[in-house]
file my_file_14.csv (CSV, C-alpha atoms)
chain,number,residue,atom,x,y,z
A,106,MET,CA,1.8,-26.5,-15.8
A,107,VAL,CA,2.0,-26.4,-12.0
A,108,SER,CA,-0.3,-29.0,-10.6
A,109,LYS,CA,-3.3,-27.7,-8.8
A,110,THR,CA,-3.6,-29.6,-5.6
A,111,GLU,CA,-5.1,-27.1,-3.2
A,112,GLU,CA,-7.6,-24.3,-3.4
A,113,GLY,CA,-6.5,-21.0,-4.8
A,114,ILE,CA,-5.8,-18.0,-2.6
A,115,VAL,CA,-7.8,-14.7,-2.8
A,116,ILE,CA,-5.6,-11.6,-2.6
A,117,VAL,CA,-7.1,-8.1,-2.4
A,118,VAL,CA,-5.0,-5.2,-3.6
A,119,THR,CA,-6.1,-2.0,-1.9
A,120,SER,CA,-4.8,1.5,-0.9
A,121,GLY,CA,-7.5,3.8,0.3
A,122,LYS,CA,-6.3,6.6,-1.9
A,123,GLY,CA,-6.9,6.5,-5.6
A,124,GLY,CA,-4.3,6.7,-8.3
A,125,VAL,CA,-1.4,5.0,-6.4
A,126,GLY,CA,-1.2,2.0,-8.7
A,127,LYS,CA,-3.6,-0.7,-7.5
A,128,THR,CA,-4.8,-1.7,-11.0
A,129,THR,CA,-1.3,-1.6,-12.4
A,130,THR,CA,-0.1,-3.8,-9.6
A,131,VAL,CA,-3.0,-6.3,-10.0
A,132,ALA,CA,-2.4,-6.4,-13.8
A,133,ASN,CA,1.3,-6.9,-13.6
A,134,VAL,CA,1.7,-9.2,-10.6
A,135,GLY,CA,-1.2,-11.3,-12.0
A,136,ALA,CA,0.4,-11.4,-15.5
A,137,SER,CA,3.8,-12.3,-13.9
A,138,LEU,CA,2.3,-15.2,-12.0
A,139,ALA,CA,0.6,-16.4,-15.2
A,140,LYS,CA,3.9,-16.2,-17.0
A,141,LEU,CA,5.3,-18.5,-14.2
A,142,ASP,CA,2.6,-21.0,-15.2
A,143,TYR,CA,0.2,-20.4,-12.4
A,144,LYS,CA,-3.5,-20.2,-13.1
A,145,VAL,CA,-4.5,-16.6,-12.4
A,146,VAL,CA,-7.8,-14.7,-12.5
A,147,VAL,CA,-8.0,-10.9,-11.9
A,148,LEU,CA,-11.3,-9.4,-10.7
A,149,ASP,CA,-12.2,-5.8,-11.2
A,150,LEU,CA,-14.4,-4.7,-8.3
A,151,ASP,CA,-14.4,-1.0,-9.2
A,152,ILE,CA,-17.9,-1.2,-10.4
A,153,GLY,CA,-18.9,1.9,-12.3
A,154,LEU,CA,-15.3,3.0,-12.7
A,155,LYS,CA,-13.6,0.1,-14.4
A,156,LYS,CA,-9.9,0.2,-15.4
A,157,LEU,CA,-8.4,-3.2,-15.3
A,158,ASP,CA,-9.6,-4.1,-18.8
A,159,LEU,CA,-8.0,-1.0,-20.2
A,160,ILE,CA,-4.7,-1.5,-18.3
A,161,LEU,CA,-4.5,-5.1,-19.6
A,162,GLY,CA,-5.5,-4.1,-23.1
A,163,LEU,CA,-8.5,-6.4,-23.0
A,164,GLU,CA,-11.2,-3.7,-23.3
A,165,ASN,CA,-12.4,-5.0,-26.8
A,166,ARG,CA,-12.9,-8.5,-25.7
A,167,ILE,CA,-15.5,-8.0,-23.0
A,168,ILE,CA,-18.9,-9.6,-23.5
A,169,TYR,CA,-20.3,-10.0,-20.0
A,170,ASP,CA,-19.4,-8.4,-16.6
A,171,LEU,CA,-19.2,-9.3,-12.9
A,172,VAL,CA,-22.7,-8.0,-12.1
A,173,GLN,CA,-24.2,-10.0,-14.9
A,174,VAL,CA,-22.6,-13.2,-13.4
A,175,ILE,CA,-23.9,-12.4,-10.0
A,176,GLU,CA,-27.4,-11.7,-11.3
A,177,GLY,CA,-27.4,-14.9,-13.3
A,178,GLU,CA,-27.6,-13.4,-16.7
A,179,CYS,CA,-24.6,-15.4,-17.8
A,180,THR,CA,-22.3,-18.1,-16.4
A,181,LEU,CA,-19.0,-17.3,-14.8
A,182,ARG,CA,-17.1,-19.1,-17.6
A,183,GLN,CA,-18.9,-17.0,-20.2
A,184,ALA,CA,-17.8,-13.7,-18.5
A,185,LEU,CA,-14.1,-14.6,-18.0
A,186,VAL,CA,-11.9,-12.9,-20.6
A,187,LYS,CA,-8.8,-14.9,-21.5
A,188,ASP,CA,-5.6,-13.0,-22.0
A,189,LYS,CA,-4.1,-14.9,-25.0
A,190,ARG,CA,-0.5,-13.5,-24.3
A,191,PHE,CA,-0.3,-15.8,-21.2
A,192,PRO,CA,-1.0,-19.5,-20.7
A,193,GLU,CA,-3.6,-19.1,-17.9
A,194,LEU,CA,-4.6,-15.5,-17.2
A,195,TYR,CA,-8.3,-14.5,-17.0
A,196,MET,CA,-10.0,-11.3,-16.2
A,197,LEU,CA,-13.5,-10.8,-14.8
A,198,PRO,CA,-14.5,-7.2,-15.8
A,199,ALA,CA,-16.4,-4.8,-13.7
A,200,ALA,CA,-19.8,-3.4,-14.9
A,201,GLN,CA,-19.4,0.2,-16.1
A,202,THR,CA,-23.0,1.4,-16.0
A,203,ARG,CA,-23.9,0.0,-12.6
A,204,ASN,CA,-23.4,1.0,-9.0
A,205,LYS,CA,-21.2,-0.5,-6.3
A,206,ASN,CA,-24.1,-0.9,-3.9
A,207,GLU,CA,-25.8,-3.4,-6.3
A,208,VAL,CA,-23.4,-6.0,-5.1
A,209,THR,CA,-23.1,-7.5,-1.6
A,210,PRO,CA,-20.0,-8.9,0.2
A,211,ASP,CA,-21.8,-12.3,0.4
A,212,GLN,CA,-22.2,-12.4,-3.4
A,213,ILE,CA,-18.5,-11.7,-3.8
A,214,LYS,CA,-17.7,-14.5,-1.4
A,215,HIS,CA,-19.8,-16.9,-3.3
A,216,LEU,CA,-18.2,-15.8,-6.6
A,217,CYS,CA,-14.7,-16.3,-5.2
A,218,ASN,CA,-15.6,-19.7,-3.8
A,219,GLN,CA,-16.5,-20.8,-7.3
A,220,LEU,CA,-13.1,-19.5,-8.6
A,221,LYS,CA,-11.0,-21.0,-5.8
A,222,PRO,CA,-11.0,-24.7,-7.1
A,223,GLN,CA,-10.1,-23.5,-10.6
A,224,PHE,CA,-7.3,-21.0,-10.0
A,225,ASP,CA,-4.1,-20.7,-8.0
A,226,PHE,CA,-4.3,-16.9,-7.5
A,227,ILE,CA,-7.5,-14.8,-7.5
A,228,PHE,CA,-6.6,-11.1,-7.4
A,229,VAL,CA,-9.2,-8.6,-6.4
A,230,ASP,CA,-8.7,-5.0,-7.6
A,231,CYS,CA,-10.3,-2.9,-4.9
A,232,PRO,CA,-11.9,0.5,-5.6
A,233,ALA,CA,-10.5,3.6,-3.8
A,234,GLY,CA,-12.2,4.6,-0.6
A,235,ILE,CA,-13.3,2.7,2.5
A,236,GLU,CA,-17.0,2.4,1.7
A,237,HIS,CA,-19.2,-0.3,0.3
A,238,GLY,CA,-17.0,-1.2,-2.6
A,239,PHE,CA,-14.0,-1.7,-0.3
A,240,LYS,CA,-16.1,-3.9,2.0
A,241,ASN,CA,-17.1,-6.0,-1.1
A,242,ALA,CA,-13.5,-6.3,-2.1
A,243,ILE,CA,-12.1,-7.5,1.2
A,244,ALA,CA,-15.1,-9.8,2.0
A,245,ALA,CA,-13.6,-12.9,0.2
A,246,ALA,CA,-9.9,-12.2,0.6
A,247,ASP,CA,-7.5,-14.4,2.4
A,248,LYS,CA,-4.7,-11.9,2.2
A,249,ALA,CA,-4.3,-8.2,1.5
A,250,ILE,CA,-1.6,-6.2,-0.3
A,251,VAL,CA,-1.6,-2.5,0.5
A,252,ILE,CA,-0.2,-0.2,-2.1
A,253,THR,CA,1.2,3.2,-1.3
A,254,ASN,CA,3.3,6.0,-2.8
A,255,PRO,CA,6.1,7.8,-0.9
A,256,GLU,CA,3.8,10.8,-0.3
A,257,VAL,CA,2.0,12.0,2.9
A,258,SER,CA,-1.6,11.7,1.8
A,259,ALA,CA,-1.1,8.2,0.3
A,260,VAL,CA,0.7,7.0,3.5
A,261,ARG,CA,-2.1,8.4,5.7
A,262,ASP,CA,-4.7,6.5,3.7
A,263,ALA,CA,-2.6,3.4,3.7
A,264,ASP,CA,-2.4,3.5,7.5
A,265,ARG,CA,-6.2,3.8,7.8
A,266,ILE,CA,-6.6,0.8,5.5
A,267,ILE,CA,-4.1,-1.2,7.5
A,268,GLY,CA,-6.0,-0.4,10.6
A,269,ILE,CA,-9.3,-1.5,9.1
A,270,LEU,CA,-7.8,-4.7,7.8
A,271,GLU,CA,-6.4,-5.4,11.3
A,272,SER,CA,-9.9,-5.0,12.8
A,273,ALA,CA,-11.2,-7.3,10.1
A,274,GLU,CA,-8.7,-9.9,11.3
A,275,PHE,CA,-6.3,-9.9,8.3
A,276,THR,CA,-3.0,-11.1,9.8
A,277,ASP,CA,-0.8,-11.3,6.7
A,278,THR,CA,-1.0,-7.8,5.2
A,279,LYS,CA,2.0,-6.7,3.1
A,280,LEU,CA,3.1,-3.4,1.7
A,281,VAL,CA,4.1,-2.4,-1.8
A,282,ILE,CA,5.7,1.0,-2.3
A,283,ASN,CA,5.0,2.3,-5.8
A,284,ARG,CA,6.7,5.1,-7.7
A,285,LEU,CA,9.7,5.6,-5.5
A,286,GLN,CA,12.2,8.1,-6.9
A,287,SER,CA,15.5,7.3,-5.2
A,288,GLU,CA,17.2,10.5,-6.4
A,289,LEU,CA,14.6,12.6,-4.6
A,290,VAL,CA,15.0,10.4,-1.4
A,291,ASN,CA,18.7,10.9,-1.5
A,292,ARG,CA,18.2,14.7,-1.9
A,293,GLY,CA,16.0,14.7,1.2
A,294,ASP,CA,12.9,15.4,-0.8
A,295,MET,CA,11.0,12.1,-0.6
A,296,LEU,CA,10.0,9.7,2.1
A,297,SER,CA,12.3,6.7,2.0
A,298,ILE,CA,11.5,2.9,2.2
A,299,GLU,CA,12.6,2.9,5.8
A,300,ASP,CA,10.5,6.0,6.6
A,301,LEU,CA,7.4,4.3,5.2
A,302,LEU,CA,8.0,1.0,7.1
A,303,ASP,CA,8.6,3.0,10.2
A,304,HIS,CA,5.2,4.7,9.9
A,305,LEU,CA,3.2,1.8,8.7
A,306,CYS,CA,4.8,-1.1,10.6
A,307,ILE,CA,4.0,-3.9,8.2
A,308,GLU,CA,6.1,-6.3,6.2
A,309,LEU,CA,7.4,-5.1,2.8
A,310,LEU,CA,6.5,-7.1,-0.3
A,311,GLY,CA,8.1,-4.9,-2.9
A,312,VAL,CA,9.3,-1.5,-4.1
A,313,VAL,CA,8.5,-0.3,-7.6
A,314,PRO,CA,10.6,2.6,-8.8
A,315,GLU,CA,9.1,5.5,-10.8
A,316,ASP,CA,9.4,4.5,-14.4
A,317,ARG,CA,8.1,6.4,-17.5
A,318,ASN,CA,7.8,3.1,-19.3
A,319,VAL,CA,4.7,2.3,-17.2
A,320,LEU,CA,2.8,5.1,-18.9
A,321,ILE,CA,4.0,4.1,-22.3
A,322,SER,CA,3.0,0.4,-21.8
A,323,THR,CA,-0.4,1.5,-20.3
A,324,ASN,CA,-1.0,3.6,-23.5
A,325,LYS,CA,-0.5,0.4,-25.5
A,326,GLY,CA,-2.4,-1.9,-23.2
A,327,GLU,CA,0.7,-4.1,-22.6
A,328,PRO,CA,1.7,-5.1,-19.1
A,329,ILE,CA,5.0,-3.6,-18.2
A,330,ILE,CA,6.4,-7.0,-17.0
A,331,LEU,CA,6.7,-7.9,-20.7
A,332,ASN,CA,9.4,-5.1,-21.0
A,333,GLU,CA,12.6,-6.8,-20.0
A,334,HIS,CA,14.4,-3.4,-19.7
A,335,SER,CA,12.0,-1.7,-17.4
A,336,ASN,CA,12.9,-1.5,-13.7
A,337,ALA,CA,9.2,-1.3,-12.7
A,338,GLY,CA,8.6,-4.4,-14.7
A,339,LYS,CA,11.4,-6.2,-12.9
A,340,ALA,CA,10.0,-5.0,-9.6
A,341,PHE,CA,6.6,-6.4,-10.4
A,342,ARG,CA,8.1,-9.7,-11.5
A,343,ASN,CA,10.0,-9.9,-8.2
A,344,ILE,CA,6.7,-9.3,-6.2
A,345,ALA,CA,5.1,-12.2,-8.1
A,346,GLN,CA,8.0,-14.5,-7.2
A,347,ARG,CA,7.8,-13.5,-3.6
A,348,LEU,CA,4.1,-14.4,-3.6
A,349,THR,CA,5.0,-17.9,-4.6
A,350,GLY,CA,7.2,-18.2,-1.6
A,351,GLN,CA,10.6,-17.5,-3.2
A,352,LYS,CA,13.1,-15.3,-1.6
A,353,VAL,CA,14.1,-12.5,-4.0
A,354,ASP,CA,16.4,-9.7,-3.0
A,355,PHE,CA,15.0,-6.2,-3.2
A,356,LEU,CA,16.2,-4.1,-6.1
A,357,LYS,CA,19.1,-1.8,-5.3
A,358,PHE,CA,18.4,1.9,-5.8
A,359,ASP,CA,21.8,3.3,-5.3
A,360,ASP,CA,22.0,5.6,-8.2
A,361,GLN,CA,23.5,8.4,-6.3
A,362,SER,CA,25.8,10.7,-8.2
A,363,PHE,CA,29.3,11.5,-7.0
A,364,TRP,CA,28.1,14.9,-5.7
A,365,SER,CA,25.1,13.6,-3.8
A,366,LYS,CA,27.3,10.9,-2.2
A,367,LEU,CA,29.8,13.6,-1.1
A,368,LYS,CA,26.9,15.7,0.2
A,369,ASN,CA,25.5,12.8,2.2
A,370,LEU,CA,29.0,12.2,3.6
A,371,GLY,CA,29.2,15.8,4.6
A,372,ARG,CA,25.8,15.8,6.2
A,373,ASN,CA,26.6,12.8,8.3
A,374,LEU,CA,29.9,14.4,9.4
A,375,PHE,CA,28.3,17.7,10.4
A,376,ASN,CA,24.9,16.7,11.7
A,377,ASN,CA,26.1,14.3,14.3
A,378,ASN,CA,27.5,16.9,16.6
B,43,MET,CA,35.6,27.6,7.0
B,44,LEU,CA,34.0,25.0,9.3
B,45,ASN,CA,31.0,27.2,9.7
B,46,PHE,CA,30.7,27.5,6.0
B,47,LEU,CA,30.8,23.7,5.5
B,48,LYS,CA,28.3,23.3,8.3
B,49,ARG,CA,25.9,25.6,6.6
B,50,ILE,CA,26.0,23.8,3.3
B,51,PHE,CA,25.5,20.4,4.8
B,52,SER,CA,23.1,21.0,7.6
B,53,LYS,CA,20.2,21.7,5.2
B,54,GLU,CA,19.1,18.1,6.0
B,55,ASN,CA,17.3,19.3,9.1
B,56,MET,CA,15.0,21.5,7.0
B,57,SER,CA,14.4,18.9,4.3
B,58,SER,CA,10.9,18.3,3.0
B,59,ARG,CA,11.4,14.6,3.7
B,60,LYS,CA,12.0,15.3,7.4
B,61,GLN,CA,8.9,17.6,7.5
B,62,ALA,CA,6.9,14.9,5.9
B,63,ASN,CA,8.0,12.4,8.5
B,64,ASP,CA,7.3,14.8,11.4
B,65,ARG,CA,3.8,15.7,10.1
B,66,LEU,CA,3.0,12.0,9.4
B,67,ARG,CA,4.0,10.9,12.8
B,68,LEU,CA,1.6,13.4,14.4
B,69,VAL,CA,-1.3,12.8,12.1
B,70,LEU,CA,-1.0,9.0,12.2
B,71,THR,CA,-1.0,8.9,16.0
B,72,HIS,CA,-4.2,11.0,16.1
B,73,ASP,CA,-5.8,9.0,13.2
B,74,ARG,CA,-5.2,5.7,15.0
B,75,LEU,CA,-6.7,6.9,18.2
B,76,GLY,CA,-9.6,8.5,16.4
B,77,ALA,CA,-9.0,11.8,18.3
B,78,SER,CA,-8.1,15.3,17.4
B,79,THR,CA,-5.0,17.2,18.3
B,80,GLN,CA,-7.1,19.4,20.5
B,81,LEU,CA,-8.6,16.5,22.4
B,82,MET,CA,-5.2,15.1,23.0
B,83,ASP,CA,-4.0,18.4,24.5
B,84,THR,CA,-7.0,18.6,26.7
B,85,LEU,CA,-6.4,15.1,27.9
B,86,LYS,CA,-2.9,15.8,28.8
B,87,GLU,CA,-3.9,19.0,30.7
B,88,GLU,CA,-6.6,17.3,32.6
B,89,ILE,CA,-4.5,14.3,33.6
B,90,ILE,CA,-2.1,16.7,35.2
B,91,GLN,CA,-4.9,18.7,36.8
B,92,VAL,CA,-6.4,15.5,38.4
B,93,ILE,CA,-3.0,14.5,39.9
B,94,ALA,CA,-2.4,18.0,41.2
B,95,LYS,CA,-5.8,18.0,42.9
B,96,HIS,CA,-4.7,15.3,45.2
B,97,VAL,CA,-1.0,15.5,45.6
B,98,GLU,CA,1.6,18.2,45.2
B,99,ILE,CA,3.6,18.2,42.0
B,100,GLU,CA,7.2,19.2,41.9
B,101,GLY,CA,9.0,20.1,38.7
B,102,THR,CA,7.6,19.8,35.2
B,103,PRO,CA,5.0,17.1,34.7
B,104,GLU,CA,5.1,15.5,31.3
B,105,VAL,CA,2.4,13.6,29.4
B,106,THR,CA,3.5,12.4,26.0
B,107,PHE,CA,2.4,9.9,23.4
B,108,ILE,CA,4.7,7.1,22.5
B,109,ASN,CA,4.3,4.7,19.6
B,110,GLU,CA,5.4,1.2,19.5
B,111,GLY,CA,4.6,-0.4,16.2
B,112,ARG,CA,1.0,0.4,15.4
B,113,ARG,CA,0.1,0.9,19.0
B,114,SER,CA,0.2,4.1,21.0
B,115,ALA,CA,0.6,4.7,24.7
B,116,LEU,CA,0.5,7.6,27.0
B,117,ASP,CA,3.7,8.2,28.8
B,118,ILE,CA,2.9,10.0,32.0
B,119,ASN,CA,5.8,11.4,34.0
B,120,ILE,CA,4.7,13.5,37.0
B,121,PRO,CA,7.3,14.1,39.7
B,122,LEU,CA,5.6,14.4,43.1
B,123,LYS,CA,6.8,16.5,46.0
B,124,GLY,CA,8.0,14.5,49.0
B,125,ARG,CA,7.3,15.5,52.6

call {"tool": "encode", "arguments": {"input": "my_file_14.csv", "output": "structure tokens"}}
result
Amino acid sequence: MVSKTEEGIVIVVTSGKGGVGKTTTVANVGASLAKLDYKVVVLDLDIGLKKLDLILGLENRIIYDLVQVIEGECTLRQALVKDKRFPELYMLPAAQTRNKNEVTPDQIKHLCNQLKPQFDFIFVDCPAGIEHGFKNAIAAADKAIVITNPEVSAVRDADRIIGILESAEFTDTKLVINRLQSELVNRGDMLSIEDLLDHLCIELLGVVPEDRNVLISTNKGEPIILNEHSNAGKAFRNIAQRLTGQKVDFLKFDDQSFWSKLKNLGRNLFNNN
Amino acid sequence: MLNFLKRIFSKENMSSRKQANDRLRLVLTHDRLGASTQLMDTLKEEIIQVIAKHVEIEGTPEVTFINEGRRSALDINIPLKGR
């Protein structure tokens, strides 16, 4: 067990657009850190549209939720669901039958302040959008991770989110590119890592390749990081290691076929004149 | 033969990736400034008009947006006629 000398850090995972992989990232990066013996808690702030419990496979273990903690119906300890597959991974579920407006940013701050002395990493799964739920999610955060897909509408929303985070004085926002398909990039049919960094101008934290194993593991309620053969799982484990301060090389996506290599060579030869 | 090869390989210029990049560049500039494409065009036009009201312009005046990191700037290049 890593000794807990200082207060934990609150990291919000956000994207603007829905469906780009916020919850999957929170679940897998959180689980990876727990596997590395850090004390981790993941908070689902998507009140009314909860998903984190389902992605982690903990949906049958919930007794209380975040809104009940805030309203004093139960203690924080009672509401935390322990994931038994990991040494120290806990989840605080969202309420499903309530509304995002029933919680205030100050209440989230108070909640996170209670968690900070007990955990190393506190991950906040942010709802899509830039309204009240988003403001709640960033209220207590020390750092932000922005998730995007190599797709124009996701990039546009990510840019908006980065702008809002800048105005809210977040200085250490990092980018995760999810669902990259290198064969499409090489064919000239998908935005590349460089393209995205060029548009968004923030530091890269990780690149997760498209991987059908993610859907399969989600069906089973098992984090993909437990699958040793999955590239996406490996990418999430690398992200977790980078968050601990380790330098980990980015995965190589050079799976070009002979023909696409020849084609690229030809393009370079003929397009430069 | 060379033309044939050029035709095969020069498809890159039309690639959907390039189109995505071009469209994003434009839309992000406008999003960050909180202004529409139309407003930007009006702005460019009026800047040139104001200059022309006071001094004589020679050649083609250019007002373009440049991006550096997440910041945008107006690049105003208006050649003036000397006496």

call {"tool": "residues_around", "arguments": {"input": "my_file_14.csv", "residues": "segment 56-60 of chain B", "least_positions_apart": "2", "cutoff": "8 Å", "atoms": "all atoms listed in the file", "output": "PyMOL selection string"}}
result
(chain A and resi 290+293-296) or (chain B and resi 53-54+62-64)

call {"tool": "atom_distance", "arguments": {"input": "my_file_14.csv", "atom1": "atom CA of Ala200 of chain A", "atom2": "atom CA of Ile160 of chain A"}}
result
15.6 Å

call {"tool": "interface_residues", "arguments": {"input": "my_file_14.csv", "of": "chain A", "to": "chain B", "cutoff": "8 Å", "atoms": "only C-alpha atoms", "output": "PyMOL selection string"}}
result
chain A and resi 257+261+264-265+268+290+293-296+300+303-306+368+371-372+375-376

call {"tool": "atom_distance", "arguments": {"input": "my_file_14.csv", "atom1": "atom CA of Val115 of chain A", "atom2": "atom CA of Val229 of chain A"}}
result
7.2 Å

call {"tool": "residues_around", "arguments": {"input": "my_file_14.csv", "residues": "Gln286 of chain A", "least_positions_apart": "5", "cutoff": "12 Å", "atoms": "all atoms listed in the file", "output": "ChimeraX atom specification"}}
result
/A:254-256,291-298,312-317,336-337,358-361

call {"tool": "atom_distance", "arguments": {"input": "my_file_14.csv", "atom1": "atom CA of Asn332 of chain A", "atom2": "atom CA of Val145 of chain A"}}
result
20.0 Å

call {"tool": "residues_around", "arguments": {"input": "my_file_14.csv", "residues": "segment 86-99 of chain B", "least_positions_apart": "5", "cutoff": "9 Å", "atoms": "only C-alpha atoms", "output": "PDB file with C-alpha atoms, in the coordinates of the input"}}
result
ATOM      1  CA  LEU B  81      -8.600  16.500  22.400  1.00  0.00           C
ATOM      2  CA  GLU B 104       5.100  15.500  31.300  1.00  0.00           C
ATOM      3  CA  VAL B 105       2.400  13.600  29.400  1.00  0.00           C
ATOM      4  CA  THR B 106       3.500  12.400  26.000  1.00  0.00           C
ATOM      5  CA  ILE B 118       2.900  10.000  32.000  1.00  0.00           C
ATOM      6  CA  ILE B 120       4.700  13.500  37.000  1.00  0.00           C
ATOM      7  CA  PRO B 121       7.300  14.100  39.700  1.00  0.00           C
ATOM      8  CA  LEU B 122       5.600  14.400  43.100  1.00  0.00           C
ATOM      9  CA  LYS B 123       6.800  16.500  46.000  1.00  0.00           C
ATOM     10  CA  GLY B 124       8.000  14.500  49.000  1.00  0.00           C
TER      11      GLY B 124
END

call {"tool": "residues_around", "arguments": {"input": "my_file_14.csv", "residues": "segment 220-227 of chain A", "least_positions_apart": "2", "cutoff": "6 Å", "atoms": "only C-alpha atoms", "output": "mmCIF file with C-alpha atoms, in the coordinates of the input"}}
result
data_model
loop_
_atom_site.group_PDB
_atom_site.id
_atom_site.type_symbol
_atom_site.label_atom_id
_atom_site.label_comp_id
_atom_site.auth_asym_id
_atom_site.auth_seq_id
_atom_site.Cartn_x
_atom_site.Cartn_y
_atom_site.Cartn_z
ATOM 1 C CA GLU A 112 -7.600 -24.300 -3.400
ATOM 2 C CA GLY A 113 -6.500 -21.000 -4.800
ATOM 3 C CA ILE A 114 -5.800 -18.000 -2.600
ATOM 4 C CA VAL A 115 -7.800 -14.700 -2.800
ATOM 5 C CA LYS A 144 -3.500 -20.200 -13.100
ATOM 6 C CA VAL A 145 -4.500 -16.600 -12.400
ATOM 7 C CA VAL A 146 -7.800 -14.700 -12.500
ATOM 8 C CA VAL A 147 -8.000 -10.900 -11.900
ATOM 9 C CA CYS A 217 -14.700 -16.300 -5.200
ATOM 10 C CA ASN A 218 -15.600 -19.700 -3.800
#

call {"tool": "closest_residue", "arguments": {"input": "my_file_14.csv", "among": "A:Glu178, A:Asp151, A:Glu164, A:Asp158", "to": "Thr202 of chain A", "atoms": "all atoms listed in the file"}}
result
A:Asp151

call {"tool": "closest_residue", "arguments": {"input": "my_file_14.csv", "among": "A:Ile282, A:Ala340, A:Ile329, A:Ile213", "to": "Val172 of chain A", "atoms": "all atoms listed in the file"}}
result
A:Ile213

call {"tool": "residues_around", "arguments": {"input": "my_file_14.csv", "residues": "Thr79 of chain B", "least_positions_apart": "3", "cutoff": "9 Å", "atoms": "only C-alpha atoms", "output": "list of chain:residue names"}}
result
B:Leu68, B:Val69, B:His72, B:Met82, B:Asp83, B:Thr84
